[in-house]
>>> print(open('model-v9.txt').read())   # compact mmCIF, C-alpha atoms
# COMPACT_ATOMS: atom_id res chain seq x y z
CA GLN S 5 93.60 103.25 6.03
CA VAL S 6 96.87 102.38 7.77
CA THR S 7 97.67 105.26 10.09
CA GLY S 8 99.21 106.15 13.41
CA HIS S 9 101.83 104.78 15.74
CA LEU S 10 103.96 101.65 15.10
CA ASP S 11 104.48 99.16 17.93
CA ASP S 12 108.01 98.93 19.44
CA CYS S 13 108.93 102.27 17.77
CA THR S 14 108.63 105.99 18.40
CA CYS S 15 107.60 106.48 14.77
CA ASP S 16 104.28 106.71 12.93
CA VAL S 17 103.03 105.86 9.46
CA GLU S 18 102.48 109.48 8.36
CA THR S 19 106.09 110.55 9.09
CA ILE S 20 107.46 107.65 7.04
CA ASP S 21 105.07 108.31 4.14
CA ALA S 22 106.01 111.99 3.90
CA PHE S 23 109.76 111.27 4.16
CA ASN S 24 109.66 108.46 1.59
CA ASN S 25 107.32 110.02 -0.95
CA TYR S 26 108.69 113.56 -1.02
CA LYS S 27 112.39 113.18 -0.18
CA LEU S 28 113.75 109.70 -0.77
CA PHE S 29 111.80 107.73 -3.39
CA HIS S 30 112.74 109.56 -6.60
CA ARG S 31 116.42 109.74 -5.64
CA LEU S 32 116.56 106.05 -4.76
CA ASN S 33 114.86 105.08 -8.03
CA GLU S 34 117.44 107.03 -10.02
CA LEU S 35 120.26 105.25 -8.17
CA LEU S 36 118.76 101.78 -8.76
CA GLU S 37 118.50 102.42 -12.49
CA SER S 38 122.26 103.01 -12.72
CA ASP S 39 124.60 100.31 -14.06
CA TYR S 40 126.23 99.58 -10.70
CA PHE S 41 122.92 98.67 -9.05
CA ARG S 42 121.00 97.04 -11.89
CA TYR S 43 123.34 94.04 -12.36
CA TYR S 44 123.14 91.35 -9.67
CA LYS S 45 125.07 88.08 -9.82
CA VAL S 46 123.05 85.09 -8.64
CA ASN S 47 123.10 81.30 -8.75
CA LEU S 48 119.57 80.11 -9.53
CA LYS S 49 120.64 76.47 -9.92
CA LYS S 50 121.50 75.68 -6.29
CA PRO S 51 119.54 72.66 -5.04
CA CYS S 52 117.05 73.03 -2.20
CA PRO S 53 118.82 71.99 1.04
CA PHE S 54 115.63 71.07 2.91
CA TRP S 55 113.62 68.74 0.68
CA ASN S 56 114.25 66.69 -2.45
CA ASP S 57 111.42 68.04 -4.58
CA ASN S 58 113.34 70.61 -6.60
CA SER S 59 110.78 71.10 -9.37
CA HIS S 60 110.80 74.39 -11.27
CA CYS S 61 107.77 76.36 -12.33
CA GLY S 62 107.12 75.75 -16.03
CA ILE S 63 105.25 79.01 -16.62
CA ARG S 64 107.04 81.32 -19.07
CA ASP S 65 106.84 84.31 -16.75
CA CYS S 66 108.73 82.40 -14.04
CA ALA S 67 111.86 82.35 -16.18
CA VAL S 68 114.81 84.68 -15.65
CA LYS S 69 116.80 85.92 -18.62
CA PRO S 70 120.47 86.18 -17.64
CA CYS S 71 122.56 89.01 -19.00
CA PRO S 72 125.14 88.12 -21.71
CA TYR S 73 128.58 88.43 -20.14
CA ASP S 74 129.79 90.98 -22.70
CA LYS S 75 126.81 93.26 -21.93
CA VAL S 76 127.85 93.68 -18.28
CA PRO S 77 129.98 96.84 -17.77
CA ASP S 78 133.73 96.14 -17.74
CA GLY S 79 134.23 97.52 -14.25
CA ILE S 80 131.66 95.16 -12.76
CA ARG S 81 132.95 92.13 -14.68
CA SER S 82 136.56 92.77 -13.64
CA GLY S 83 135.78 91.81 -10.06
CA SER S 84 132.83 92.07 -7.73
CA TYR S 85 135.07 92.99 -4.81
CA LYS S 86 137.02 95.79 -6.51
CA TYR S 87 136.11 99.31 -5.53
CA SER S 88 138.34 101.45 -7.72
CA GLU S 89 140.42 101.46 -10.87
CA GLU S 90 143.54 101.55 -8.71
CA ALA S 91 142.37 98.41 -6.90
CA ASN S 92 141.98 96.60 -10.22
CA ASN S 93 145.52 97.53 -11.28
CA LEU S 94 146.84 96.47 -7.89
CA ALA S 95 145.02 93.14 -8.17
CA GLU S 96 146.83 92.40 -11.47
CA GLU S 97 150.19 93.18 -9.82
CA CYS S 98 149.30 90.88 -6.91
CA GLU S 99 148.40 88.06 -9.31
CA GLU S 100 151.80 88.42 -11.03
CA ALA S 101 153.62 88.47 -7.68
CA LYS S 102 151.70 85.40 -6.56
CA ARG S 103 152.67 83.54 -9.76
CA LEU S 104 156.37 84.46 -9.44
CA GLY S 105 156.50 83.67 -5.73
CA ALA S 106 154.44 80.49 -5.86
CA VAL S 107 155.21 77.63 -3.48
CA ASP S 108 154.13 74.00 -3.56
CA GLY S 109 150.40 74.29 -2.88
CA PHE S 110 149.74 70.58 -2.39
CA LEU S 111 147.50 69.88 0.59
CA SER S 112 146.25 66.57 1.89
CA LYS S 113 142.53 65.88 1.53
CA GLU S 114 142.03 66.29 5.31
CA THR S 115 143.80 69.67 5.32
CA GLN S 116 141.78 70.86 2.32
CA GLU S 117 138.55 70.03 4.14
CA ALA S 118 139.78 71.81 7.28
CA VAL S 119 140.75 74.93 5.31
CA LEU S 120 137.33 74.91 3.63
CA GLN S 121 135.66 74.80 7.07
CA TRP S 122 137.83 77.68 8.30
CA THR S 123 136.91 79.75 5.24
CA GLN S 124 133.22 79.00 5.69
CA HIS S 125 133.46 79.99 9.36
CA ASP S 126 135.27 83.25 8.50
CA ASP S 127 132.71 84.03 5.82
CA SER S 128 129.75 83.30 8.06
CA SER S 129 130.85 84.79 11.39
CA ASP S 130 129.13 88.14 10.79
CA SER S 131 126.77 87.09 8.02
CA PHE S 132 123.01 86.80 8.31
CA CYS S 133 122.67 85.21 4.86
CA GLU S 134 123.75 82.13 2.99
CA ALA S 135 125.36 84.06 0.15
CA ASP S 136 125.84 82.59 -3.33
CA ASP S 137 129.33 81.70 -4.49
CA ILE S 138 129.59 84.29 -7.25
CA TYR S 139 132.59 82.48 -8.74
CA SER S 140 130.57 79.32 -9.34
CA PRO S 141 130.10 78.44 -13.04
CA ASP S 142 126.33 78.48 -12.33
CA ALA S 143 126.36 82.10 -11.12
CA GLU S 144 125.18 84.56 -13.77
CA TYR S 145 124.60 88.29 -13.98
CA VAL S 146 120.96 89.35 -14.14
CA ASP S 147 119.72 92.76 -15.23
CA LEU S 148 117.14 93.55 -12.55
CA LEU S 149 115.44 96.18 -14.71
CA LEU S 150 114.72 93.56 -17.38
CA ASN S 151 113.47 90.99 -14.83
CA PRO S 152 111.02 93.00 -12.69
CA GLU S 153 109.34 91.49 -9.64
CA ARG S 154 105.72 90.80 -10.52
CA TYR S 155 103.00 88.15 -10.53
CA THR S 156 104.18 85.11 -12.51
CA GLY S 157 101.38 82.60 -11.86
CA TYR S 158 103.46 80.80 -9.19
CA LYS S 159 100.96 79.88 -6.45
CA GLY S 160 99.25 76.95 -4.78
CA PRO S 161 100.82 74.20 -2.59
CA ASP S 162 104.42 74.85 -3.70
CA ALA S 163 104.32 78.56 -2.87
CA TRP S 164 102.44 77.84 0.36
CA LYS S 165 105.10 75.29 1.38
CA ILE S 166 107.82 77.96 1.17
CA TRP S 167 106.01 80.46 3.38
CA ASN S 168 104.89 77.74 5.78
CA SER S 169 108.51 76.62 6.19
CA ILE S 170 109.60 80.19 6.87
CA TYR S 171 106.93 80.84 9.50
CA GLU S 172 106.62 77.39 11.04
CA GLU S 173 110.28 76.49 11.34
CA ASN S 174 112.10 79.80 11.49
CA CYS S 175 109.98 82.46 13.12
CA PHE S 176 110.07 83.08 16.84
CA LYS S 177 106.52 82.69 18.03
CA PRO S 178 104.68 81.76 21.23
CA PRO S 179 105.20 78.05 22.02
CA ASN S 180 101.47 77.35 22.30
CA VAL S 181 100.85 78.40 18.68
CA LYS S 182 101.49 75.47 16.37
CA ARG S 183 100.68 76.73 12.87
CA PRO S 184 100.76 80.36 11.75
CA LEU S 185 99.57 79.57 8.23
CA ALA S 186 96.58 77.59 7.02
CA SER S 187 96.31 76.21 3.50
CA GLY S 188 93.61 77.28 1.11
CA ARG S 189 93.17 80.56 -0.74
CA GLY S 190 91.03 82.35 1.81
CA LYS S 191 93.31 81.70 4.77
CA SER S 192 96.70 81.30 3.18
CA PHE S 193 98.08 84.55 4.60
CA ILE S 194 97.33 84.38 8.32
CA TYR S 195 100.08 86.12 10.30
CA LEU S 196 100.32 86.05 14.06
CA THR S 197 100.69 89.74 14.78
CA ASN S 198 97.91 90.10 17.34
CA ALA S 199 99.14 91.74 20.52
CA CYS S 200 97.54 88.98 22.59
CA PHE S 201 99.68 86.35 20.83
CA PHE S 202 102.85 88.29 21.62
CA SER S 203 102.19 89.39 25.17
CA GLY S 204 104.77 86.90 26.45
CA VAL S 205 107.34 87.33 23.67
CA CYS S 206 110.43 89.55 24.09
CA VAL S 207 111.01 92.58 21.88
CA GLU S 208 113.77 90.85 19.86
CA LYS S 209 111.56 87.91 18.87
CA ARG S 210 108.67 90.26 18.07
CA ALA S 211 111.01 92.28 15.88
CA PHE S 212 112.19 89.19 14.01
CA TYR S 213 108.64 88.05 13.37
CA LYS S 214 107.60 91.51 12.16
CA LEU S 215 110.55 91.67 9.76
CA ILE S 216 109.49 88.41 8.10
CA SER S 217 105.83 89.46 8.06
CA GLY S 218 106.85 92.82 6.54
CA LEU S 219 108.89 91.08 3.84
CA HIS S 220 105.91 88.81 3.09
CA ALA S 221 103.59 91.83 2.88
CA SER S 222 106.03 93.62 0.57
CA ILE S 223 106.19 90.68 -1.86
CA ASN S 224 102.39 90.36 -1.84
CA ILE S 225 102.03 94.06 -2.65
CA HIS S 226 104.45 93.71 -5.59
CA LEU S 227 102.55 90.80 -7.13
CA SER S 228 99.22 92.61 -6.61
CA ALA S 229 100.56 95.85 -8.14
CA ARG S 230 102.06 94.10 -11.18
CA TYR S 231 99.46 91.42 -11.78
CA LEU S 232 98.98 89.66 -15.11
CA LEU S 233 95.67 91.23 -16.17
CA GLN S 234 95.67 90.10 -19.80
CA ASP S 235 97.43 87.14 -21.39
CA THR S 236 96.66 86.60 -25.06
CA TRP S 237 98.79 85.42 -27.98
CA SER S 238 99.20 89.03 -29.09
CA GLU S 239 99.68 90.87 -25.81
CA LYS S 240 100.51 90.56 -22.13
CA LYS S 241 99.37 93.31 -19.81
CA TRP S 242 100.42 93.81 -16.18
CA GLY S 243 98.79 96.24 -13.77
CA PRO S 244 97.22 96.72 -10.31
CA ASN S 245 94.79 94.00 -9.21
CA VAL S 246 92.71 95.58 -6.44
CA THR S 247 90.85 92.36 -5.65
CA GLU S 248 94.10 90.46 -5.11
CA PHE S 249 95.38 93.24 -2.85
CA GLN S 250 92.15 93.29 -0.81
CA GLN S 251 92.24 89.53 -0.22
CA ARG S 252 95.59 89.98 1.48
CA PHE S 253 95.18 93.31 3.26
CA ASP S 254 91.53 94.39 3.57
CA GLU S 255 90.62 94.68 7.25
CA VAL S 256 87.27 92.88 6.89
CA LEU S 257 88.46 90.10 4.56
CA THR S 258 91.49 89.32 6.75
CA GLY S 259 89.72 89.43 10.11
CA GLY S 260 91.51 92.62 11.11
CA GLU S 261 94.98 91.30 10.24
CA GLY S 262 95.57 93.23 6.96
CA PRO S 263 96.45 96.62 8.49
CA ARG S 264 98.85 94.92 10.93
CA ARG S 265 100.64 93.26 8.03
CA LEU S 266 101.05 96.65 6.37
CA LYS S 267 102.37 98.14 9.61
CA ASN S 268 104.98 95.38 9.65
CA LEU S 269 106.03 96.59 6.21
CA TYR S 270 106.64 100.05 7.75
CA PHE S 271 108.60 98.41 10.57
CA LEU S 272 110.83 96.65 8.01
CA TYR S 273 111.30 99.99 6.20
CA LEU S 274 112.47 101.59 9.47
CA ILE S 275 114.99 98.81 10.14
CA GLU S 276 116.56 99.07 6.68
CA LEU S 277 116.49 102.88 6.79
CA ARG S 278 118.34 102.77 10.12
CA ALA S 279 121.01 100.53 8.57
CA LEU S 280 121.51 103.02 5.73
CA SER S 281 121.98 105.83 8.23
CA LYS S 282 124.57 103.78 10.16
CA VAL S 283 126.68 102.66 7.19
CA LEU S 284 127.47 106.19 5.91
CA PRO S 285 131.16 106.16 7.11
CA PHE S 286 131.88 103.09 4.98
CA PHE S 287 130.68 104.78 1.77
CA GLU S 288 132.06 108.25 2.56
CA ARG S 289 135.68 107.14 2.26
CA PRO S 290 137.46 108.41 -0.89
CA ALA S 291 138.72 104.84 -1.47
CA PHE S 292 135.17 103.59 -2.06
CA GLN S 293 133.98 103.97 -5.64
CA LEU S 294 130.95 102.64 -7.50
CA TYR S 295 133.30 101.40 -10.20
CA THR S 296 131.73 100.42 -13.55
CA GLY S 297 134.37 101.87 -15.87
CA ASN S 298 132.48 105.08 -16.70
CA LYS S 299 134.38 107.58 -14.54
CA SER S 300 132.07 110.61 -14.73
CA HIS S 301 128.90 108.54 -14.27
CA ASP S 302 130.46 106.60 -11.37
CA SER S 303 131.35 109.88 -9.63
CA GLU S 304 127.82 111.23 -10.17
CA MET S 305 126.26 108.05 -8.75
CA LYS S 306 128.50 108.10 -5.69
CA ASN S 307 127.38 111.66 -4.97
CA LEU S 308 123.75 110.56 -5.31
CA LEU S 309 124.42 107.57 -3.03
CA LEU S 310 125.90 109.84 -0.35
CA GLU S 311 122.97 112.24 -0.71
CA ILE S 312 120.58 109.34 -0.03
CA LEU S 313 122.59 108.17 3.00
CA HIS S 314 122.71 111.69 4.46
CA LEU S 315 118.95 111.91 3.95
CA ALA S 316 118.54 108.58 5.76
CA LYS S 317 120.61 109.95 8.64
CA SER S 318 118.41 113.06 8.83
CA PHE S 319 115.21 111.04 9.42
CA PRO S 320 113.79 112.32 12.73
CA LEU S 321 112.28 109.15 14.24
CA HIS S 322 114.73 106.30 13.71
CA PHE S 323 114.24 102.84 15.19
CA ASP S 324 116.44 102.48 18.27
CA GLU S 325 118.37 99.25 17.71
CA ASN S 326 119.88 99.61 21.20
CA SER S 327 116.56 98.33 22.51
CA LEU S 328 117.50 94.94 21.04
CA PHE S 329 119.75 92.52 22.96
CA ALA S 330 120.11 94.97 25.80
CA GLY S 331 119.62 92.60 28.75
CA ASN S 332 121.95 90.15 30.46
CA LYS S 333 125.10 90.00 28.29
CA LYS S 334 125.32 86.21 28.14
CA GLU S 335 121.61 85.78 27.36
CA ALA S 336 121.72 88.66 24.84
CA ALA S 337 124.66 87.08 22.98
CA LYS S 338 122.87 83.74 22.85
CA LEU S 339 119.66 85.35 21.56
CA LYS S 340 121.57 87.40 18.98
CA GLU S 341 123.24 84.26 17.61
CA GLU S 342 119.87 82.49 17.51
CA PHE S 343 118.46 85.51 15.65
CA ARG S 344 121.30 85.31 13.10
CA LEU S 345 120.97 81.56 12.52
CA HIS S 346 117.17 81.76 12.13
CA PHE S 347 117.57 84.41 9.46
CA LYS S 348 120.37 82.51 7.72
CA ASN S 349 118.08 79.49 7.55
CA ILE S 350 115.40 81.62 5.86
CA SER S 351 117.92 82.75 3.24
CA LYS S 352 118.63 79.06 2.47
CA ILE S 353 114.92 78.37 1.96
CA MET S 354 115.01 80.78 -1.01
CA ASP S 355 116.84 78.06 -2.97
CA CYS S 356 113.67 75.96 -2.66
CA VAL S 357 111.43 78.46 -4.50
CA GLY S 358 110.23 76.82 -7.72
CA CYS S 359 109.65 80.02 -9.70
CA LEU S 360 113.08 81.32 -10.76
CA LYS S 361 111.98 84.96 -10.95
CA CYS S 362 110.49 84.67 -7.45
CA ARG S 363 113.71 82.95 -6.33
CA LEU S 364 115.81 85.79 -7.76
CA TRP S 365 113.86 88.50 -5.92
CA GLY S 366 113.52 86.39 -2.78
CA LYS S 367 117.29 85.86 -2.62
CA LEU S 368 117.99 89.53 -3.31
CA GLN S 369 115.55 90.81 -0.67
CA THR S 370 116.68 88.39 2.04
CA GLN S 371 120.33 89.24 1.32
CA GLY S 372 119.42 92.93 1.48
CA LEU S 373 117.73 92.54 4.86
CA GLY S 374 120.56 90.29 6.07
CA THR S 375 123.06 93.01 5.09
CA ALA S 376 120.99 95.61 6.98
CA LEU S 377 121.10 93.41 10.10
CA LYS S 378 124.85 92.88 9.66
CA ILE S 379 125.29 96.68 9.58
CA LEU S 380 123.16 97.26 12.68
CA PHE S 381 125.11 94.66 14.64
CA SER S 382 128.51 95.99 13.47
CA GLU S 383 128.17 99.54 14.77
CA ASN S 384 131.41 99.42 16.78
CA LEU S 385 133.38 98.20 13.75
CA ILE S 386 131.87 100.87 11.48
CA GLU S 387 132.80 103.61 13.95
CA LYS S 388 136.46 102.48 13.74
CA ILE S 389 136.66 102.61 9.92
CA PRO S 390 139.65 104.83 8.94
CA GLU S 391 138.92 107.80 6.67
CA SER S 392 141.52 106.62 4.19
CA GLY S 393 142.93 103.21 3.38
CA PRO S 394 141.21 99.83 3.50
CA SER S 395 138.46 98.93 5.97
CA TYR S 396 139.58 95.64 7.49
CA GLY S 397 137.19 95.40 10.43
CA PHE S 398 133.98 95.96 8.47
CA GLN S 399 133.50 95.13 4.82
CA LEU S 400 130.64 94.90 2.33
CA THR S 401 130.91 93.04 -0.97
CA ARG S 402 129.42 94.49 -4.14
CA GLN S 403 126.72 91.78 -3.90
CA GLU S 404 125.72 92.97 -0.43
CA ILE S 405 125.68 96.61 -1.54
CA VAL S 406 123.48 95.92 -4.58
CA ALA S 407 121.15 93.73 -2.50
CA LEU S 408 120.93 96.28 0.36
CA PHE S 409 119.80 99.18 -1.85
CA ASN S 410 117.55 97.13 -4.13
CA ALA S 411 115.81 95.50 -1.17
CA PHE S 412 115.17 98.94 0.33
CA GLY S 413 113.97 100.08 -3.11
CA ARG S 414 111.34 97.32 -3.01
CA LEU S 415 109.98 98.72 0.26
>>> encode(input="model-v9.txt", output="structure tokens")
Amino acid sequence: QVTGHLDDCTCDVETIDAFNNYKLFHRLNELLESDYFRYYKVNLKKPCPFWNDNSHCGIRDCAVKPCPYDKVPDGIRSGSYKYSEEANNLAEECEEAKRLGAVDGFLSKETQEAVLQWTQHDDSSDSFCEADDIYSPDAEYVDLLLNPERYTGYKGPDAWKIWNSIYEENCFKPPNVKRPLASGRGKSFIYLTNACFFSGVCVEKRAFYKLISGLHASINIHLSARYLLQDTWSEKKWGPNVTEFQQRFDEVLTGGEGPRRLKNLYFLYLIELRALSKVLPFFERPAFQLYTGNKSHDSEMKNLLLEILHLAKSFPLHFDENSLFAGNKKEAAKLKEEFRLHFKNISKIMDCVGCLKCRLWGKLQTQGLGTALKILFSENLIEKIPESGPSYGFQLTRQEIVALFNAFGRL
């Protein structure tokens, strides 16, 4: 029942449906089932930075089964930032040179703290996400195909607290509206997407709010589509729960809000699709390889990746990101930084999710969207990427690449 034009875009629902269903979806699924994209390194033990209650969901289906280290392909284990076999060999030579040419590395405590701050600033200057330290002893590889996103039984006040924090504290909204979410099952998914609420809100803040609403809608669709329908000692059965879906999206049951939530999902799709179309030069370089150690398969997957990116570029009705932050330069820069910090804060809230499987997919999808935003706001740097040699101005880690494509795969 969701049809027609999308607000703040030149696109419509039908164009996206046809493009996704007939051209993109099957190719993207094949890519996400490959070794490079199925293994994601994540730290699920980080404490919540916003409140002390760090209780974990005790339900079995909330658990995440990490991947044994020796089961992860050699190429991925050898370094998450390596893009080719040659780079791995070079890294070993660099390590040897560093050892032979070592100097006294002693630093005072004050200098160590200063260096740490510099590093954090360098790492965060273009980042929209609070990324995990993948070298932490608590960071583990997870096979995403063996830990699918689905309903786990995680609900109630704890789950509501997460979404309330995201909307209440981090979403741009009209100042006269105090609470976008109300507790209780019947009203726990109220989004402020009514045009009347946003009549005085600029396009950038509307866009931010719709991205978060679209992400929320996407997650609700996943848990409705893979709902625990049967749980007995002999068998567990997951499948579509129409009633659960209707409670979140039916026009009558949601007071007209459901279709708007679904349109925000399409808006989020357009934003991430636009990022894929913009990042093509980074992946087209011969130096970039989806290195797992299986040379023929890696080459095949890179060709499939480029096919998907060229398809993304061919989409006829892209979102025009130039409409964002286009006003007074000083005000636009301030708003852009506010936009970045709001989103970074949301990525931190994911460490407060009590269900570890929900935390895994929440972290992955926010990092994916954060990477898409990083791409859209780095257009000038991407245009300057040399055809051969390293890309110093713009870089994506393997974590960001895996998150970007898997987050889009969720949509």
>>> closest_residue(input="model-v9.txt", among="S:Asp355, S:Glu173, S:Asp12, S:Glu325", to="S:Glu383", atoms="only C-alpha atoms")
S:Glu325
>>> atom_distance(input="model-v9.txt", atom1="atom CA of S:Arg344", atom2="atom CA of S:Pro285")
23.8 Å
>>> atom_distance(input="model-v9.txt", atom1="atom CA of S:Cys66", atom2="atom CA of S:Pro141")
21.8 Å
>>> closest_residue(input="model-v9.txt", among="S:Leu257, S:Ala211, S:Leu310, S:Ile223", to="S:Leu328", atoms="only C-alpha atoms")
S:Ala211
>>> atom_distance(input="model-v9.txt", atom1="atom CA of S:Phe323", atom2="atom CA of S:Cys13")
5.9 Å
>>> decode(input="model-v9.txt", residues="stretch 269-278 of chain S", atoms="all heavy atoms", output="compact mmCIF listing (two decimals), in the first residue's frame")
# COMPACT_ATOMS: atom_id res chain seq x y z
N LEU S 269 12.03 4.25 5.16
CA LEU S 269 12.90 3.13 4.80
C LEU S 269 13.40 3.32 3.35
O LEU S 269 14.58 3.10 3.06
CB LEU S 269 12.13 1.81 4.93
CG LEU S 269 12.84 0.54 4.47
CD1 LEU S 269 13.98 0.19 5.41
CD2 LEU S 269 11.86 -0.62 4.40
N TYR S 270 12.51 3.72 2.46
CA TYR S 270 12.90 3.98 1.06
C TYR S 270 13.88 5.16 0.98
O TYR S 270 14.81 5.15 0.18
CB TYR S 270 11.66 4.28 0.21
CG TYR S 270 10.88 3.05 -0.19
CD1 TYR S 270 9.86 2.55 0.61
CD2 TYR S 270 11.17 2.39 -1.39
CE1 TYR S 270 9.14 1.41 0.23
CE2 TYR S 270 10.46 1.26 -1.77
CZ TYR S 270 9.45 0.77 -0.95
OH TYR S 270 8.76 -0.35 -1.32
N PHE S 271 13.67 6.15 1.82
CA PHE S 271 14.57 7.31 1.86
C PHE S 271 15.98 6.86 2.27
O PHE S 271 16.98 7.25 1.66
CB PHE S 271 14.04 8.36 2.83
CG PHE S 271 14.89 9.59 2.94
CD1 PHE S 271 14.83 10.58 1.97
CD2 PHE S 271 15.77 9.76 4.01
CE1 PHE S 271 15.63 11.72 2.06
CE2 PHE S 271 16.56 10.89 4.10
CZ PHE S 271 16.48 11.87 3.13
N LEU S 272 16.05 6.01 3.31
CA LEU S 272 17.33 5.48 3.77
C LEU S 272 18.00 4.67 2.65
O LEU S 272 19.21 4.77 2.43
CB LEU S 272 17.10 4.60 5.01
CG LEU S 272 18.28 3.85 5.58
CD1 LEU S 272 19.42 4.78 5.95
CD2 LEU S 272 17.85 3.03 6.80
N TYR S 273 17.21 3.87 1.93
CA TYR S 273 17.72 3.08 0.80
C TYR S 273 18.37 4.02 -0.23
O TYR S 273 19.47 3.76 -0.72
CB TYR S 273 16.57 2.30 0.17
CG TYR S 273 16.95 1.41 -1.00
CD1 TYR S 273 17.17 0.05 -0.81
CD2 TYR S 273 17.06 1.92 -2.30
CE1 TYR S 273 17.51 -0.78 -1.88
CE2 TYR S 273 17.40 1.10 -3.37
CZ TYR S 273 17.62 -0.24 -3.15
OH TYR S 273 17.95 -1.05 -4.21
N LEU S 274 17.69 5.12 -0.55
CA LEU S 274 18.21 6.07 -1.54
C LEU S 274 19.53 6.69 -1.10
O LEU S 274 20.44 6.87 -1.93
CB LEU S 274 17.20 7.20 -1.76
CG LEU S 274 16.07 6.98 -2.77
CD1 LEU S 274 15.23 8.24 -2.87
CD2 LEU S 274 16.63 6.61 -4.15
N ILE S 275 19.64 7.01 0.19
CA ILE S 275 20.88 7.62 0.70
C ILE S 275 22.04 6.64 0.56
O ILE S 275 23.13 7.00 0.09
CB ILE S 275 20.70 8.04 2.18
CG1 ILE S 275 19.71 9.21 2.30
CG2 ILE S 275 22.04 8.40 2.82
CD1 ILE S 275 20.22 10.55 1.81
N GLU S 276 21.83 5.39 0.97
CA GLU S 276 22.91 4.41 0.91
C GLU S 276 23.22 4.03 -0.55
O GLU S 276 24.38 3.78 -0.90
CB GLU S 276 22.57 3.18 1.76
CG GLU S 276 22.49 3.55 3.24
CD GLU S 276 22.57 2.37 4.19
OE1 GLU S 276 22.87 1.24 3.75
OE2 GLU S 276 22.33 2.57 5.40
N LEU S 277 22.20 3.99 -1.39
CA LEU S 277 22.43 3.71 -2.82
C LEU S 277 23.27 4.83 -3.44
O LEU S 277 24.18 4.56 -4.24
CB LEU S 277 21.09 3.60 -3.55
CG LEU S 277 21.15 3.27 -5.04
CD1 LEU S 277 21.63 1.84 -5.26
CD2 LEU S 277 19.78 3.47 -5.70
N ARG S 278 23.00 6.06 -3.08
CA ARG S 278 23.76 7.20 -3.58
C ARG S 278 25.23 7.10 -3.17
O ARG S 278 26.13 7.36 -3.98
CB ARG S 278 23.15 8.51 -3.05
CG ARG S 278 23.83 9.78 -3.55
CD ARG S 278 23.77 9.89 -5.04
NE ARG S 278 24.07 11.23 -5.52
CZ ARG S 278 24.36 11.52 -6.77
NH1 ARG S 278 24.37 10.56 -7.68
NH2 ARG S 278 24.63 12.75 -7.14
